[in-house]
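Input: a single structure, listed below in structure tokens.
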Amino acid sequence: MEPIWRGLASKLVNFNPNYGGVTVLVLGAMGSGKTHLLLNIAAKKVYEARELCVWRGLLHAQAYQYFPDIFIHVKSGYTLPVYDEVFTMWPRLRRGCLNVVYAPDDWWLEYLLELSERVGEEPMSVFIDEFEDIAPSYSEGDTWHQLQDLSRALRAFRKAWVNFYVATQNWEAIDYRILNKFVYRVYLPGARRMRRSPVRQAYINRLSLGEFIVEERGAIFTGTPVRFPPMPHVRKPIKLKLMSAKEPIIPEEKVVLVAEDYSPVPYPKQLINTGADRR
């Protein structure tokens, strides 16, 4: 009989409607491949599963560098040197590409809470690198209460069919109430073992670049490391800094949470081709 842990890695990628959305915490040192692993999963979701996929845009624009087909959304009231569309409340997601969203941290909290209330008619995936920015430990005031709501929302993601993938170098930098809600933990080189994990630190220390161990929270873990390839560069490195706009860019619009089919459109405001015009 095949060991039960052999199917763990596939659970990160293959959506099971009988279970629902998965929550995955990726841990590793700087340069251990956290972003590349998330991009590998995103590629399978976009091109094979044809899921709606949302990626948190950051300064170093990893998705821009490594993902062939992206569509960059920027929150109204802010601007970027490169973008495809401005949105007021929620982005209009495109299928067949990675929807890269540039917005402030407090917006992401609101968006995740909104997604937890969606009807699970079709799966979608959300990817957030440097998750400690969104859910920091030792928060206070309104943020503390919002993170309490987020901890409940993560549990609701299963029925809402939201697959949620986050990455961090240090799990202690994330709010403890939220840490407990991740069903799957992924260890990459340089990661520190989480408390009460069945994975020994010695196993993690033996990992090479391009390898990881999957743990199903407090229960089983992959007996041998799982390998994944690095994503090749598709564009030159660029920095995309989210900056405040001096005045509103577009008027208020109706809230849209449904997806639109992805299709090429002209980009008069773009300085650099993002690849979103590819079929």
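Labels used: A, B, ... for chains in the order of the structure tokens, numbers from 1 for residues in each chain, and numbers from 1 for ligands as shown.
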
(request) Select from range 8-162 of chain A everything DSSP, run on the backbone, classes as helix (DSSP H, G or I), then give the selection as a PyMOL selection string. (result) chain A and resi 8-11+34-48+62-66+105-115+131-133+141-160

Same residues, C-alpha atoms, saved as an mmCIF file, in the first residue's frame:
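Okay, part.cif is ready:
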data_model
loop_
_atom_site.group_PDB
_atom_site.id
_atom_site.type_symbol
_atom_site.label_atom_id
_atom_site.label_comp_id
_atom_site.auth_asym_id
_atom_site.auth_seq_id
_atom_site.Cartn_x
_atom_site.Cartn_y
_atom_site.Cartn_z
ATOM 1 C CA LEU A 8 0.404 15.549 0.340
ATOM 2 C CA ALA A 9 2.220 17.586 -2.315
ATOM 3 C CA SER A 10 -0.587 17.106 -4.840
ATOM 4 C CA LYS A 11 -3.088 18.504 -2.323
ATOM 5 C CA LYS A 34 9.532 30.690 -1.626
ATOM 6 C CA THR A 35 8.474 32.986 -4.461
ATOM 7 C CA HIS A 36 9.454 30.436 -7.115
ATOM 8 C CA LEU A 37 7.376 27.758 -5.395
ATOM 9 C CA LEU A 38 4.341 30.072 -5.269
ATOM 10 C CA LEU A 39 4.832 30.925 -8.947
ATOM 11 C CA ASN A 40 5.058 27.219 -9.843
ATOM 12 C CA ILE A 41 1.732 26.616 -8.111
ATOM 13 C CA ALA A 42 0.235 29.707 -9.758
ATOM 14 C CA ALA A 43 1.304 28.473 -13.205
ATOM 15 C CA LYS A 44 -0.532 25.180 -12.701
ATOM 16 C CA LYS A 45 -3.602 27.020 -11.453
ATOM 17 C CA VAL A 46 -3.654 29.524 -14.335
ATOM 18 C CA TYR A 47 -2.741 27.294 -17.278
ATOM 19 C CA GLU A 48 -3.930 23.813 -16.277
ATOM 20 C CA GLN A 62 8.552 39.005 -9.002
ATOM 21 C CA ALA A 63 5.468 38.102 -11.032
ATOM 22 C CA TYR A 64 6.486 40.649 -13.675
ATOM 23 C CA GLN A 65 9.930 39.058 -13.951
ATOM 24 C CA TYR A 66 8.924 35.396 -13.983
ATOM 25 C CA ASP A 105 -2.020 46.490 3.229
ATOM 26 C CA ASP A 106 -5.329 47.553 4.796
ATOM 27 C CA TRP A 107 -7.070 46.981 1.459
ATOM 28 C CA TRP A 108 -5.780 43.403 1.397
ATOM 29 C CA LEU A 109 -7.320 42.743 4.788
ATOM 30 C CA GLU A 110 -10.698 43.954 3.543
ATOM 31 C CA TYR A 111 -10.384 41.956 0.314
ATOM 32 C CA LEU A 112 -9.626 38.703 2.124
ATOM 33 C CA LEU A 113 -12.618 39.221 4.390
ATOM 34 C CA GLU A 114 -14.790 39.847 1.328
ATOM 35 C CA LEU A 115 -13.555 36.672 -0.377
ATOM 36 C CA PHE A 131 2.426 37.860 4.576
ATOM 37 C CA GLU A 132 3.694 39.381 7.825
ATOM 38 C CA ASP A 133 2.945 42.801 6.291
ATOM 39 C CA GLY A 141 -6.315 48.825 17.984
ATOM 40 C CA ASP A 142 -8.436 48.361 14.874
ATOM 41 C CA THR A 143 -5.811 46.134 13.245
ATOM 42 C CA TRP A 144 -6.010 43.667 16.147
ATOM 43 C CA HIS A 145 -9.763 43.325 15.669
ATOM 44 C CA GLN A 146 -9.420 43.029 11.875
ATOM 45 C CA LEU A 147 -6.939 40.191 12.296
ATOM 46 C CA GLN A 148 -9.383 38.433 14.586
ATOM 47 C CA ASP A 149 -11.907 38.642 11.749
ATOM 48 C CA LEU A 150 -9.274 37.384 9.308
ATOM 49 C CA SER A 151 -8.594 34.331 11.477
ATOM 50 C CA ARG A 152 -12.273 33.424 11.128
ATOM 51 C CA ALA A 153 -12.189 34.189 7.406
ATOM 52 C CA LEU A 154 -9.363 31.719 6.806
ATOM 53 C CA ARG A 155 -11.532 28.958 8.196
ATOM 54 C CA ALA A 156 -14.348 30.066 5.871
ATOM 55 C CA PHE A 157 -12.061 29.856 2.811
ATOM 56 C CA ARG A 158 -12.642 26.095 2.630
ATOM 57 C CA LYS A 159 -16.370 26.466 1.932
ATOM 58 C CA ALA A 160 -15.813 29.601 -0.156
#

(request) Using DSSP on the backbone, list every residue of range 148-256 of chain A that comes out as strand (DSSP E or B), and give them as a list of chain:residue names. (result)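 Written out, the strand (DSSP E or B) residues of range 148-256 of chain A are A:Val162, A:Asn163, A:Phe164, A:Tyr165, A:Val166, A:Ala167, A:Thr168, A:Ile174, A:Tyr184, A:Arg185, A:Val186, A:Tyr187, A:Glu211, A:Phe212, A:Ile213, A:Val214, A:Glu215, A:Glu216, A:Phe221, A:Val226, A:Arg227, A:Met243, A:Ser244.
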
(request) To one decimal in Å, tell me the separation between CA of Val24 in chain A and CA of Ile178 in chain A. (result)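 The value is 11.6 Å.
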
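Compared by their closest atoms to Pro229 in chain A, and using only C-alpha atoms, the residues A:Leu209, A:Ala61, A:Val74, A:Met194 rank with A:Leu209 nearest.
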
(message) I'd like the contact shell of range 85-92 of chain A - 6 Å cut-off, only C-alpha atoms, skipping same-chain residues fewer than 3 positions apart - returned as a VMD selection string.
(response) chain A and resid 73 to 76
